[in-house]
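Below is the file target-v9.csv, which contains CSV, C-alpha atoms.
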```csv
chain,number,residue,atom,x,y,z
A,1384,MET,CA,8.3,-13.4,-5.3
A,1385,THR,CA,10.7,-14.8,-2.7
A,1386,SER,CA,13.4,-12.7,-1.2
A,1387,GLU,CA,16.1,-14.3,-3.3
A,1388,GLU,CA,14.0,-13.8,-6.5
A,1389,MET,CA,13.5,-10.1,-5.6
A,1390,HIS,CA,17.3,-9.6,-5.1
A,1391,THR,CA,18.0,-11.4,-8.4
A,1392,ALA,CA,15.4,-9.3,-10.3
A,1393,LEU,CA,16.9,-6.1,-8.8
A,1394,TYR,CA,20.4,-7.1,-9.7
A,1395,GLU,CA,19.4,-8.0,-13.2
A,1396,LYS,CA,17.5,-4.7,-13.6
A,1397,PHE,CA,20.6,-2.7,-12.6
A,1398,CYS,CA,22.8,-4.8,-14.9
A,1399,ALA,CA,20.6,-4.1,-17.8
A,1400,GLU,CA,20.4,-0.4,-17.1
A,1401,GLN,CA,24.2,-0.2,-16.8
A,1402,ASP,CA,24.6,-2.1,-20.2
A,1403,ASN,CA,22.3,0.5,-21.8
A,1404,TYR,CA,24.3,3.3,-20.2
A,1405,ARG,CA,27.5,1.8,-21.5
A,1406,ALA,CA,26.2,1.4,-25.0
A,1407,TRP,CA,25.1,5.1,-25.0
A,1408,LEU,CA,28.4,6.3,-23.6
A,1409,LEU,CA,30.4,4.5,-26.2
A,1410,LYS,CA,28.6,6.5,-28.9
A,1411,GLN,CA,29.6,9.8,-27.4
A,1412,PRO,CA,32.7,11.9,-28.4
A,1413,PRO,CA,35.9,11.4,-26.3
A,1414,GLU,CA,35.4,14.5,-24.2
A,1415,GLU,CA,31.8,13.5,-23.3
A,1416,ILE,CA,33.1,10.0,-22.3
A,1417,LEU,CA,35.7,11.6,-20.0
A,1418,ARG,CA,33.1,13.8,-18.4
A,1419,HIS,CA,31.0,10.8,-17.5
A,1420,SER,CA,33.9,8.6,-16.4
A,1421,TYR,CA,33.3,9.1,-12.6
A,1422,GLU,CA,29.6,8.4,-12.9
A,1423,TYR,CA,30.3,5.3,-14.9
A,1424,THR,CA,32.7,4.0,-12.3
A,1425,ILE,CA,30.3,4.6,-9.4
A,1426,ARG,CA,27.5,3.0,-11.3
A,1427,GLU,CA,29.8,-0.1,-11.8
A,1428,ASP,CA,30.5,-0.1,-8.1
A,1429,ILE,CA,26.7,0.0,-7.4
A,1430,VAL,CA,26.1,-3.0,-9.7
A,1431,MET,CA,29.0,-4.9,-8.1
A,1432,MET,CA,27.7,-4.2,-4.6
A,1433,MET,CA,24.2,-5.3,-5.5
A,1434,GLU,CA,25.4,-8.7,-6.4
A,1435,ASP,CA,25.7,-9.6,-2.7
A,1436,ALA,CA,23.7,-6.8,-1.1
A,1437,GLU,CA,22.1,-7.7,2.2
A,1438,LEU,CA,18.8,-5.8,1.7
A,1439,SER,CA,15.7,-6.9,3.6
A,1440,PRO,CA,12.9,-8.3,1.5
A,1441,GLN,CA,10.9,-5.1,2.2
A,1442,GLN,CA,13.8,-2.9,0.9
A,1443,ALA,CA,14.3,-5.0,-2.2
A,1444,ALA,CA,10.6,-5.0,-2.9
A,1445,ALA,CA,10.4,-1.2,-2.4
A,1446,LEU,CA,13.3,-0.6,-4.9
A,1447,LEU,CA,11.6,-2.8,-7.5
A,1448,TRP,CA,8.1,-1.3,-6.9
A,1449,LYS,CA,9.3,2.3,-7.1
A,1450,GLY,CA,11.4,1.6,-10.2
A,1451,THR,CA,14.5,2.9,-8.6
A,1452,THR,CA,17.3,3.4,-11.1
A,1453,LEU,CA,21.1,3.5,-10.9
A,1454,GLY,CA,20.8,7.2,-11.7
A,1455,ASP,CA,18.7,7.7,-8.6
A,1456,ILE,CA,21.2,6.0,-6.3
A,1457,TYR,CA,24.2,7.8,-8.0
A,1458,ARG,CA,22.6,11.2,-7.4
A,1459,ASP,CA,21.9,10.3,-3.8
A,1460,PHE,CA,25.5,9.2,-3.4
A,1461,THR,CA,27.1,12.3,-4.9
A,1462,LYS,CA,25.3,14.4,-2.4
A,1463,LEU,CA,27.3,12.7,0.4
A,1464,GLU,CA,30.7,13.7,-1.0
A,1465,THR,CA,32.4,10.4,0.0
A,1466,GLY,CA,33.9,7.5,-1.8
A,1467,ASP,CA,33.5,4.9,0.9
A,1468,MET,CA,32.0,1.6,-0.3
A,1469,ASP,CA,30.1,1.2,3.0
A,1470,MET,CA,28.6,4.6,2.4
A,1471,LEU,CA,27.5,3.5,-1.0
A,1472,ARG,CA,25.8,0.5,0.5
A,1473,GLU,CA,24.1,2.7,3.0
A,1474,THR,CA,22.9,5.0,0.2
A,1475,VAL,CA,21.1,2.1,-1.4
A,1476,GLU,CA,19.5,1.1,1.9
A,1477,THR,CA,18.5,4.7,2.6
A,1478,ARG,CA,16.8,5.0,-0.8
A,1479,ALA,CA,14.8,1.8,-0.1
A,1480,ASP,CA,13.8,3.0,3.4
A,1481,ASP,CA,12.7,6.4,2.0
A,1482,ILE,CA,10.5,4.6,-0.4
A,1483,LEU,CA,9.1,2.4,2.4
A,1484,ARG,CA,8.2,5.4,4.5
A,1485,GLU,CA,6.5,7.1,1.6
A,1486,ALA,CA,4.6,3.8,0.9
A,1487,ALA,CA,3.5,3.6,4.5
A,1488,ALA,CA,2.1,7.1,4.4
A,1489,LEU,CA,0.2,6.3,1.2
A,1490,CYS,CA,-1.1,3.0,2.4
A,1491,SER,CA,-2.5,4.6,5.6
A,1492,ALA,CA,-4.2,7.5,3.8
A,1493,PRO,CA,-8.0,7.4,3.9
A,1494,VAL,CA,-9.9,7.2,0.6
A,1495,TYR,CA,-11.1,10.6,-0.6
A,1496,PRO,CA,-13.8,9.9,-3.2
A,1497,TYR,CA,-14.7,13.4,-4.1
A,1498,PRO,CA,-13.4,15.3,-7.2
A,1499,ARG,CA,-10.8,18.0,-7.2
A,1500,ASP,CA,-13.3,20.9,-7.6
A,1501,TYR,CA,-15.1,19.7,-4.4
A,1502,ALA,CA,-11.8,19.4,-2.6
A,1503,VAL,CA,-10.7,23.0,-3.5
A,1504,GLU,CA,-14.1,24.4,-2.5
A,1505,ASN,CA,-13.9,22.7,0.9
A,1506,ASP,CA,-10.2,23.4,1.6
A,1507,GLU,CA,-9.4,19.7,1.4
A,1508,LEU,CA,-7.0,19.7,-1.6
A,1509,ASP,CA,-4.2,18.0,0.5
A,1510,LYS,CA,-6.5,15.1,1.3
A,1511,TYR,CA,-7.5,14.8,-2.3
A,1512,LEU,CA,-3.9,14.8,-3.6
A,1513,LEU,CA,-2.7,12.3,-1.0
A,1514,SER,CA,-5.6,10.0,-1.7
A,1515,ARG,CA,-5.1,10.3,-5.4
A,1516,LYS,CA,-1.4,9.4,-5.1
A,1517,ALA,CA,-2.3,6.4,-2.9
A,1518,SER,CA,-4.9,5.2,-5.5
A,1519,ILE,CA,-2.4,5.4,-8.3
A,1520,ALA,CA,0.1,3.4,-6.3
A,1521,CYS,CA,-2.6,0.9,-5.5
A,1522,LYS,CA,-3.5,0.6,-9.2
A,1523,GLU,CA,0.1,-0.1,-10.0
A,1524,ALA,CA,0.3,-2.7,-7.2
A,1525,ILE,CA,-2.8,-4.5,-8.6
A,1526,GLU,CA,-1.2,-4.7,-12.0
A,1527,GLN,CA,2.0,-6.0,-10.5
A,1528,ALA,CA,0.2,-8.5,-8.3
A,1529,ILE,CA,-1.7,-9.9,-11.3
A,1530,GLY,CA,1.5,-10.2,-13.3
A,1531,GLU,CA,3.4,-11.9,-10.4
A,1532,HIS,CA,0.6,-14.5,-9.6
A,1533,TYR,CA,-0.4,-15.4,-13.2
A,1534,ALA,CA,1.3,-18.6,-14.4
A,1535,ASP,CA,0.3,-21.6,-16.6
A,1536,ASN,CA,-2.9,-19.8,-17.8
A,1537,ARG,CA,-4.1,-19.5,-14.2
A,1538,LEU,CA,-4.3,-16.5,-11.8
A,1539,ASP,CA,-3.8,-17.2,-8.1
A,1540,THR,CA,-6.5,-14.7,-7.2
A,1541,ALA,CA,-6.4,-15.2,-3.5
A,1542,ALA,CA,-2.6,-14.6,-3.3
A,1543,ALA,CA,-2.8,-11.6,-5.7
A,1544,VAL,CA,-5.7,-9.9,-3.8
A,1545,GLN,CA,-4.1,-10.6,-0.4
A,1546,GLN,CA,-0.8,-9.0,-1.6
A,1547,VAL,CA,-2.5,-5.7,-2.5
A,1548,ALA,CA,-5.0,-5.7,0.5
A,1549,ASP,CA,-2.1,-6.2,2.9
A,1550,ALA,CA,-0.5,-3.0,1.6
A,1551,PHE,CA,-3.5,-0.8,0.9
A,1552,GLY,CA,-6.5,-2.3,2.7
A,1553,TYR,CA,-9.8,-3.3,1.1
A,1554,ASP,CA,-11.3,0.1,1.0
A,1555,ARG,CA,-8.6,1.5,-1.2
A,1556,THR,CA,-8.3,-1.6,-3.3
A,1557,LEU,CA,-12.0,-1.9,-4.0
A,1558,TYR,CA,-12.3,1.9,-4.7
A,1559,VAL,CA,-9.6,1.5,-7.5
A,1560,LEU,CA,-11.4,-1.6,-8.8
A,1561,ALA,CA,-14.7,0.2,-8.9
A,1562,VAL,CA,-13.2,3.0,-10.9
A,1563,THR,CA,-11.7,0.5,-13.2
A,1564,VAL,CA,-14.9,-1.5,-13.8
A,1565,LYS,CA,-16.9,1.7,-14.4
A,1566,HIS,CA,-14.4,2.8,-17.1
A,1567,LYS,CA,-14.7,-0.6,-18.7
A,1568,ASP,CA,-18.5,-0.7,-18.7
A,1569,GLY,CA,-18.6,-1.5,-22.4
A,1570,ASP,CA,-16.1,-4.4,-22.1
A,1571,GLY,CA,-17.8,-7.8,-22.4
A,1572,ARG,CA,-14.9,-9.5,-20.6
A,1573,ILE,CA,-16.1,-7.8,-17.3
A,1574,SER,CA,-18.9,-9.7,-15.7
A,1575,GLN,CA,-22.4,-8.1,-15.2
A,1576,SER,CA,-22.1,-8.9,-11.5
A,1577,ASN,CA,-19.0,-6.8,-11.2
A,1578,LYS,CA,-20.5,-4.0,-13.3
A,1579,GLN,CA,-23.6,-3.9,-11.1
A,1580,TRP,CA,-21.4,-3.8,-8.0
A,1581,ALA,CA,-19.3,-1.0,-9.4
A,1582,ALA,CA,-22.4,1.0,-10.2
A,1583,SER,CA,-23.4,0.9,-6.6
A,1584,MET,CA,-20.0,2.2,-5.4
A,1585,PRO,CA,-19.7,6.0,-4.5
A,1586,VAL,CA,-17.3,7.0,-7.3
A,1587,PHE,CA,-17.6,10.6,-8.7
A,1588,GLU,CA,-16.3,11.9,-12.0
A,1589,ASP,CA,-13.2,14.0,-11.6
A,1590,LYS,CA,-13.5,16.7,-14.3
A,1591,THR,CA,-12.2,20.3,-14.1
A,1592,ASP,CA,-13.1,23.0,-16.7
A,1593,GLY,CA,-14.4,20.5,-19.2
A,1594,SER,CA,-11.3,18.2,-19.0
A,1595,ALA,CA,-11.4,14.5,-19.3
A,1596,ASP,CA,-12.2,12.4,-16.2
A,1597,GLN,CA,-9.0,12.3,-14.2
A,1598,ASN,CA,-10.1,8.9,-12.8
A,1599,VAL,CA,-8.7,7.4,-15.9
A,1600,PHE,CA,-5.3,7.4,-14.3
A,1601,LEU,CA,-6.6,5.0,-11.6
A,1602,VAL,CA,-7.8,2.4,-14.1
A,1603,VAL,CA,-6.1,-1.0,-14.1
A,1604,ASP,CA,-5.1,-1.1,-17.7
A,1605,LYS,CA,-1.9,-3.2,-17.8
A,1606,ALA,CA,-3.6,-6.4,-17.0
A,1607,HIS,CA,-5.9,-8.5,-19.2
A,1608,PRO,CA,-9.6,-7.5,-18.5
A,1609,GLY,CA,-10.5,-11.1,-17.9
A,1610,LEU,CA,-7.8,-11.4,-15.2
A,1611,THR,CA,-8.9,-8.0,-13.8
A,1612,ASP,CA,-12.5,-9.3,-13.6
A,1613,LEU,CA,-11.3,-12.4,-11.6
A,1614,PHE,CA,-9.3,-10.1,-9.3
A,1615,VAL,CA,-12.4,-7.9,-8.7
A,1616,ARG,CA,-14.6,-10.9,-7.9
A,1617,GLU,CA,-12.0,-12.3,-5.4
A,1618,ALA,CA,-11.5,-8.9,-3.8
A,1619,ARG,CA,-15.2,-8.6,-3.1
A,1620,LYS,CA,-15.4,-12.1,-1.6
A,1621,ALA,CA,-12.3,-11.5,0.5
A,1622,GLN,CA,-13.7,-8.3,1.9
A,1623,ALA,CA,-17.0,-10.0,2.7
A,1624,ARG,CA,-15.2,-12.8,4.5
A,1625,GLU,CA,-13.2,-10.3,6.5
A,1626,LYS,CA,-16.4,-8.5,7.6
A,1627,GLU,CA,-18.1,-11.7,8.5
A,1628,GLN,CA,-15.2,-12.9,10.6
A,1629,ALA,CA,-15.1,-9.5,12.4
A,1630,GLN,CA,-18.8,-9.8,13.2
A,1631,GLN,CA,-18.4,-13.4,14.5
A,1632,LYS,CA,-15.4,-12.5,16.7
A,1633,PRO,CA,-16.6,-12.5,20.4
A,1634,MET,CA,-16.6,-9.2,22.1
A,1635,PRO,CA,-14.2,-8.9,25.1
A,1636,LYS,CA,-16.0,-9.4,28.4
A,1637,LYS,CA,-16.3,-6.2,30.5
A,1638,GLU,CA,-15.1,-6.3,34.0
A,1639,ALA,CA,-17.9,-6.0,36.5
A,1640,GLU,CA,-18.1,-2.5,37.8
A,1641,LYS,CA,-17.6,-2.1,41.5
A,1642,PRO,CA,-20.5,-0.5,43.3
A,1643,SER,CA,-19.9,3.0,44.6
A,1644,ILE,CA,-19.8,3.8,48.3
A,1645,MET,CA,-23.2,5.6,48.2
A,1646,GLU,CA,-24.8,2.5,46.6
A,1647,LYS,CA,-23.3,0.3,49.4
A,1648,LEU,CA,-24.8,2.6,52.0
A,1649,LYS,CA,-28.2,2.5,50.5
A,1650,ARG,CA,-28.4,-1.3,50.5
A,1651,PRO,CA,-30.3,-2.9,53.4
A,1652,ILE,CA,-28.1,-4.6,56.0
A,1653,PRO,CA,-28.5,-8.4,55.9
A,1654,LYS,CA,-30.3,-9.8,59.0
A,1655,ASN,CA,-27.5,-12.2,59.8
A,1656,SER,CA,-24.7,-9.6,59.7
A,1657,PRO,CA,-22.9,-8.3,62.8
A,1658,LYS,CA,-24.0,-4.7,61.8
A,1659,HIS,CA,-27.6,-5.7,61.8
A,1660,SER,CA,-27.3,-7.2,65.3
A,1661,ALA,CA,-25.6,-4.1,66.6
A,1662,ASN,CA,-28.4,-1.9,65.3
A,1663,LEU,CA,-31.0,-4.0,67.1
A,1664,LEU,CA,-29.1,-3.7,70.4
A,1665,GLU,CA,-28.9,0.1,69.9
A,1666,GLN,CA,-32.6,0.2,69.4
A,1667,GLY,CA,-33.2,-2.0,72.5
A,1668,LEU,CA,-34.8,-4.8,70.5
```

Is it possible to give me this structure as structure tokens?
Amino acid sequence: MTSEEMHTALYEKFCAEQDNYRAWLLKQPPEEILRHSYEYTIREDIVMMMEDAELSPQQAAALLWKGTTLGDIYRDFTKLETGDMDMLRETVETRADDILREAAALCSAPVYPYPRDYAVENDELDKYLLSRKASIACKEAIEQAIGEHYADNRLDTAAAVQQVADAFGYDRTLYVLAVTVKHKDGDGRISQSNKQWAASMPVFEDKTDGSADQNVFLVVDKAHPGLTDLFVREARKAQAREKEQAQQKPMPKKEAEKPSIMEKLKRPIPKNSPKHSANLLEQGL
């Protein structure tokens, strides 16, 4: 999506939400309508402001990705106790920046492959929870990327994979894909090559007290399995290319280490040096 397309999608999303809110409000009794009159007015101001909002592409993408609603922004705004339009605009931008900071923390979190029971026993529950939250976000990003890059019965796999890998890295992306393929082991639309690859990945069942495997929440299930299979194949190839390029990259040359003073003293004095001639004179030679 281009920056303009993201702004348009965000504006249309808020318009649709406000239309639904208006339709609900009109069905309420008069006293309920009066009680919500202030909220309705502020929400209208938000929609009007979004028509020409100057959000950065990252901010617009964050608001779309997180599913931010008019209600979220209204609640943030009411905490400020102000009616200034500039402050309303700042509230929207702050909400986007908060989402971006949260996303950055998730994207940088290392993959924690072990189940919850193991994490509790080893006092690593915080690592487990952060990694799980990041994996769920990655799963949603994969589904979104496939949807955005599928057109005319064709998936631009390179662009879709790059979009997710840029945000979450290949380790997280491939971990989520391995979980997905393992849970779709009986699906004939997933290739045997991808199934064999997933079987080799270190993915553990995440069950507690006989509960169902909690990894099911990491499964890419809002995209067609055939498209998911294409995405997995491209992600594996892209990671392999990245590793190959890293191996071929020449190592930086090390600066020659200067010899120590003791090493210099231990070296024999060259015969043609002034010091060598002085030594011969001292020895009467």

Q | Pick from A:Pro1493, A:Ser1386, A:Leu1601, A:Ser1420, whichever lies nearest to Ala1445 (chain A) using all atoms listed in the file | A |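 Ranked by minimum distance to Ala1445 (chain A), first place goes to A:Ser1386.
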
**Q.** Å distance separating CA of Glu1531 (chain A) from CA of Glu1473 (chain A), one decimal place
**A.** 28.7 Å

Q: Take CA of Thr1540 (chain A) and CA of Ser1439 (chain A) and report the distance between them in Å, one decimal.
A: 25.9 Å

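If you look at CA of Asn1598 (chain A) and CA of Ser1574 (chain A), they are 20.8 Å away from each other.
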
Q. Pick the closest to Ala1443 (chain A) from A:Asp1455, A:Glu1400, A:Glu1427, A:Glu1387: which is it, counting only C-alpha atoms?
A. A:Glu1387

Q) Nearest to Ile1519 (chain A) among A:Tyr1404, A:Phe1551, A:Tyr1394, A:Phe1460, with distances taken over all atoms listed in the file: which residue is it? A)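 For Ile1519 (chain A), the nearest of the given residues is A:Phe1551.
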